[in-house]
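*Asks:* Have a look at the structure that comes next, please.
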Amino acid sequence: MERVNVNGIQLAYERRGRGAPLVLLHGFPLDHHLWDEVAPLLENTFDIILPDLRGFGNSTMLDVPHNIDDYAIDIASLLDHLNIQKAAIVGHSMGGYVALAFARMYPERVSGLGLVSSQVLADPPERKEGRYKSAADVAANGIGSVVEAMTPKFTTDEKLQSYARASMERQRPSAYINALKAMAERADSTSLLSSFNFPVVIVHGDADSLIPIDRAREVKAALPQAHLVEIPGAGHMPMMEANEKTAEALKHLA
Ligand code: MLT
């Protein structure tokens with residue numbers, strides 16, 4: 001992996017393929033390897049940039065809290081470093097929240113947007129409270145209970161569950177804590193949708209038990225020109241549960 005100094009941290013990323021620039025952002029609490037099954041299917045179409053969001057994978061973080069916008073600012077700085085002015089930004093789940101923040105802050109740098117198993121809504125109060133409880137639990141007891149709670153929600157496929165578990169176990173507790181708080185405080189992006197003047201792709205498993213398929217259908221209803229691909233039987237990891245369908249959908253951003 002390459003590493004670049006941005007905004008006081010070291011941001012790690014992989015780059016592969018050739019074509020139109022495409023950034024693939026992982027969700028919580030994972031790293032860029034989430035896209036391992038999809039990236040090979042896209043590398044003849046895109047110049048793919050696969051960052052580890054600050055604190056996750058091989059990227060460092062600061063010893064102070066950050067918010068969702070900070071993750072997006074890191075991505076803009078990475079694109080600056082790579083001399084890429086405009087890219088399609090795709091995010092899985094929390095990565096989708098980052099993609100939306102990027103589109104709000106840098107609309108002129110977005111050639112397309114992809115939301116995979118994500119949503120535009122902010123957290124309702126009880127979810128927000130749950131995030132702070134989880135963050136306190138991680139601070140006191142480590143990541144164990146979050147990993148236990150999330151593993152079965154990612155997917156019902158046992159092989160993929162052990163993959164997700166191993167990936168979650170690789171991440172630092174401090175990255176969990178900051179990301180949980182950042183997600184809790186994220187803005188609602190519903191009103192942003194009407195400003196989008198680039199292609200939008202939505203990919204969602206209809207068996208997603210972390211973010212229900214209705215969240216994807218609501219985006220499609222608000223943005224009829226968006227390309228929605230519902231994946232029957234897939235949970236929260238369509239890029240692994242249905243990598244070919246996910247890759248085909250993302251090619252609409254080329
Ligand atoms: C994710 O998969 O990134 C998170 O579960 C998203 C969330 O908790 O809202």
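Quick note on naming: the chains in the structure tokens go A, B, ... in the order shown, residues restart at 1 in each chain, and ligands are numbered from 1 in order of appearance.
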Please build the interface table for chain A against ligand 1 with a cut-off of 8 Å, listing for each qualifying residue the nearest atom pair and the distance in Å to one decimal; count only C-alpha atoms and all ligand atoms, order rows by chain and increasing number, and write it as CSV.
*Replies:*
residue,atom,partner,partner_atom_place_in_ligand_line,distance
A:His26,CA,ligand 1,3 (O),7.3
A:Gly27,CA,ligand 1,3 (O),3.6
A:Phe28,CA,ligand 1,3 (O),3.6
A:Pro29,CA,ligand 1,3 (O),6.5
A:Leu30,CA,ligand 1,3 (O),7.9
A:His92,CA,ligand 1,3 (O),6.4
A:Ser93,CA,ligand 1,3 (O),4.0
A:Met94,CA,ligand 1,3 (O),3.6
A:Gly95,CA,ligand 1,3 (O),6.3
A:Gly96,CA,ligand 1,3 (O),7.9
A:Ser117,CA,ligand 1,2 (O),7.7
A:Ser118,CA,ligand 1,6 (C),7.1
A:Asp123,CA,ligand 1,9 (O),7.8
A:Met150,CA,ligand 1,5 (O),7.6
A:Phe154,CA,ligand 1,2 (O),7.7
A:Leu180,CA,ligand 1,8 (O),7.7
A:Met183,CA,ligand 1,9 (O),6.6
A:Leu210,CA,ligand 1,5 (O),6.1
A:Ile211,CA,ligand 1,9 (O),7.0
A:His236,CA,ligand 1,2 (O),7.2
*Asks:* Which residues are close to Ala216 of chain A, i.e. within 12 Å by only C-alpha atoms, leaving aside same-chain residues fewer than 2 positions away? Reply as a count of residues only.
*Replies:* 36
*Asks:* From a DSSP calculation on the backbone, collect every residue of segment 61-118 of chain A in strand (DSSP E or B) and output the set as a PyMOL selection string.
*Replies:* chain A and resi 87-92+110-116
*Asks:* Output the selection as a CSV table (one decimal), in the first residue's frame - N, CA and C atoms for each residue.
*Replies:*
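Written out: part_39.csv:
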chain,number,residue,atom,x,y,z
A,87,ALA,N,-13.6,12.7,-9.5
A,87,ALA,CA,-13.7,11.2,-9.4
A,87,ALA,C,-15.2,10.8,-9.1
A,88,ALA,N,-15.5,9.6,-9.4
A,88,ALA,CA,-16.7,9.0,-8.9
A,88,ALA,C,-16.4,8.5,-7.5
A,89,ILE,N,-17.3,8.8,-6.6
A,89,ILE,CA,-17.1,8.5,-5.2
A,89,ILE,C,-18.1,7.5,-4.7
A,90,VAL,N,-17.7,6.3,-4.3
A,90,VAL,CA,-18.6,5.2,-3.9
A,90,VAL,C,-18.3,4.9,-2.5
A,91,GLY,N,-19.4,4.8,-1.7
A,91,GLY,CA,-19.1,4.4,-0.3
A,91,GLY,C,-20.1,3.3,0.2
A,92,HIS,N,-19.5,2.4,0.9
A,92,HIS,CA,-20.3,1.3,1.6
A,92,HIS,C,-20.7,1.8,3.0
A,110,VAL,N,-17.0,15.8,-8.1
A,110,VAL,CA,-17.8,14.5,-8.1
A,110,VAL,C,-18.2,14.3,-9.6
A,111,SER,N,-17.8,13.1,-10.1
A,111,SER,CA,-18.3,12.8,-11.5
A,111,SER,C,-19.4,11.8,-11.4
A,112,GLY,N,-19.6,11.2,-10.2
A,112,GLY,CA,-20.7,10.3,-10.0
A,112,GLY,C,-20.6,9.8,-8.5
A,113,LEU,N,-21.8,9.3,-8.0
A,113,LEU,CA,-21.8,8.9,-6.6
A,113,LEU,C,-22.5,7.6,-6.5
A,114,GLY,N,-21.9,6.7,-5.6
A,114,GLY,CA,-22.4,5.4,-5.4
A,114,GLY,C,-22.7,5.2,-3.9
A,115,LEU,N,-23.9,4.7,-3.6
A,115,LEU,CA,-24.2,4.4,-2.2
A,115,LEU,C,-24.5,2.9,-2.2
A,116,VAL,N,-23.6,2.1,-1.5
A,116,VAL,CA,-23.8,0.7,-1.4
A,116,VAL,C,-24.1,0.4,0.0
*Asks:* Record the distance separating atom CA of Ala234 of chain A and atom CA of Asn44 of chain A, expressed in Å with one decimal.
*Replies:*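 Spanning atom CA of Ala234 of chain A to atom CA of Asn44 of chain A is a straight-line distance of 25.5 Å.
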*Asks:* Smallest atom-to-atom distance to Gln10 of chain A: which of A:His32, A:Lys251, A:Arg54, A:Lys133, using only C-alpha atoms?
*Replies:*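 Among A:His32, A:Lys251, A:Arg54, A:Lys133, it is A:Arg54 that comes nearest to Gln10 of chain A.
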*Asks:* Please provide as a ChimeraX atom specification all residues within 9 Å of Ile68 of chain A, with the sequence filter that same-chain residues fewer than 3 positions apart are discarded (counting only C-alpha atoms).
*Replies:* /A:71-73,94,97-98,101,179,182-183,185-187
*Asks:* Go through segment 12-44 of chain A residue by residue and, counting only C-alpha atoms, keep those with an atom at most 12 Å from segment 81-84 of chain A; for each kept residue give the shortest atom pair and its distance in Å to one decimal, ordered by chain and increasing number, as a Markdown table.
*Replies:*
| residue | atom | partner | partner_atom | distance |
| --- | --- | --- | --- | --- |
| A:Tyr13 | CA | A:Leu82 | CA | 11.0 |
| A:Glu14 | CA | A:Leu82 | CA | 11.8 |
| A:Arg15 | CA | A:Leu82 | CA | 10.1 |
| A:Ala20 | CA | A:Ile84 | CA | 10.0 |
| A:Pro21 | CA | A:Ile84 | CA | 7.5 |
| A:Leu22 | CA | A:Ile84 | CA | 10.1 |
| A:Val23 | CA | A:Ile84 | CA | 10.8 |
*Asks:* Could you turn the residues from that selection into a file that holds N, CA and C atoms, as a JSON list (two decimals), in the first residue's frame?
*Replies:*
[["chain", "number", "residue", "atom", "x", "y", "z"],
["A", 13, "TYR", "N", -3.47, 3.90, 1.01],
["A", 13, "TYR", "CA", -4.41, 3.61, -0.09],
["A", 13, "TYR", "C", -3.75, 2.65, -1.07],
["A", 14, "GLU", "N", -4.62, 1.96, -1.80],
["A", 14, "GLU", "CA", -4.16, 1.14, -2.91],
["A", 14, "GLU", "C", -4.69, 1.77, -4.18],
["A", 15, "ARG", "N", -3.98, 1.60, -5.27],
["A", 15, "ARG", "CA", -4.46, 2.12, -6.55],
["A", 15, "ARG", "C", -4.28, 1.03, -7.60],
["A", 20, "ALA", "N", -11.52, 5.90, -15.86],
["A", 20, "ALA", "CA", -12.03, 7.05, -15.11],
["A", 20, "ALA", "C", -11.77, 6.85, -13.62],
["A", 21, "PRO", "N", -11.38, 7.92, -12.90],
["A", 21, "PRO", "CA", -11.09, 7.76, -11.47],
["A", 21, "PRO", "C", -12.33, 7.35, -10.66],
["A", 22, "LEU", "N", -12.12, 6.38, -9.80],
["A", 22, "LEU", "CA", -13.19, 5.84, -8.95],
["A", 22, "LEU", "C", -12.62, 5.62, -7.55],
["A", 23, "VAL", "N", -13.23, 6.22, -6.55],
["A", 23, "VAL", "CA", -12.80, 6.01, -5.17],
["A", 23, "VAL", "C", -13.80, 5.06, -4.51]]
*Asks:* Measure the distance from atom CA of Phe196 of chain A to atom CA of Lys86 of chain A in Å and round it to one decimal.
*Replies:* 14.4 Å
*Asks:* Nearest residue to Gly235 of chain A out of A:Thr155, A:Asn178, A:Ser195, A:Ser189, using only C-alpha atoms?
*Replies:* A:Thr155
*Asks:* List every residue of segment 11-216 of chain A that DSSP, applied to the backbone of this structure, assigns to alpha helix (DSSP H), and report them as JSON, numbers by chain.
*Replies:* {"A": [39, 40, 41, 42, 68, 69, 70, 71, 72, 73, 74, 75, 76, 77, 78, 79, 80, 81, 94, 95, 96, 97, 98, 99, 100, 101, 102, 103, 104, 105, 125, 126, 127, 128, 129, 130, 131, 132, 133, 134, 135, 136, 137, 138, 139, 140, 141, 144, 145, 146, 147, 148, 149, 150, 151, 152, 153, 154, 158, 159, 160, 161, 162, 163, 164, 165, 166, 167, 168, 169, 173, 174, 175, 176, 177, 178, 179, 180, 181, 182, 183, 184, 213, 214, 215, 216]}
*Asks:* Please, what distance in Å, to one decimal, runs between atom CA of Tyr132 of chain A and atom CA of Ser191 of chain A?
*Replies:*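 Computed distance, atom CA of Tyr132 of chain A to atom CA of Ser191 of chain A, equals 25.9 Å.
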*Asks:* Could you check the closest approach to Ser59 of chain A for each of A:Asn197, A:Ser209, A:Asn7, A:Gln85 and tell me which residue wins, using only C-alpha atoms?
*Replies:*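 Selected residue with least distance to Ser59 of chain A: A:Asn7.
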*Asks:* Using only C-alpha atoms, can you tell me which of A:Ala122, A:Leu192, A:Val64, A:Ala140 comes closest to Phe102 of chain A?
*Replies:*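 Smallest separation from Phe102 of chain A among the options: A:Leu192.
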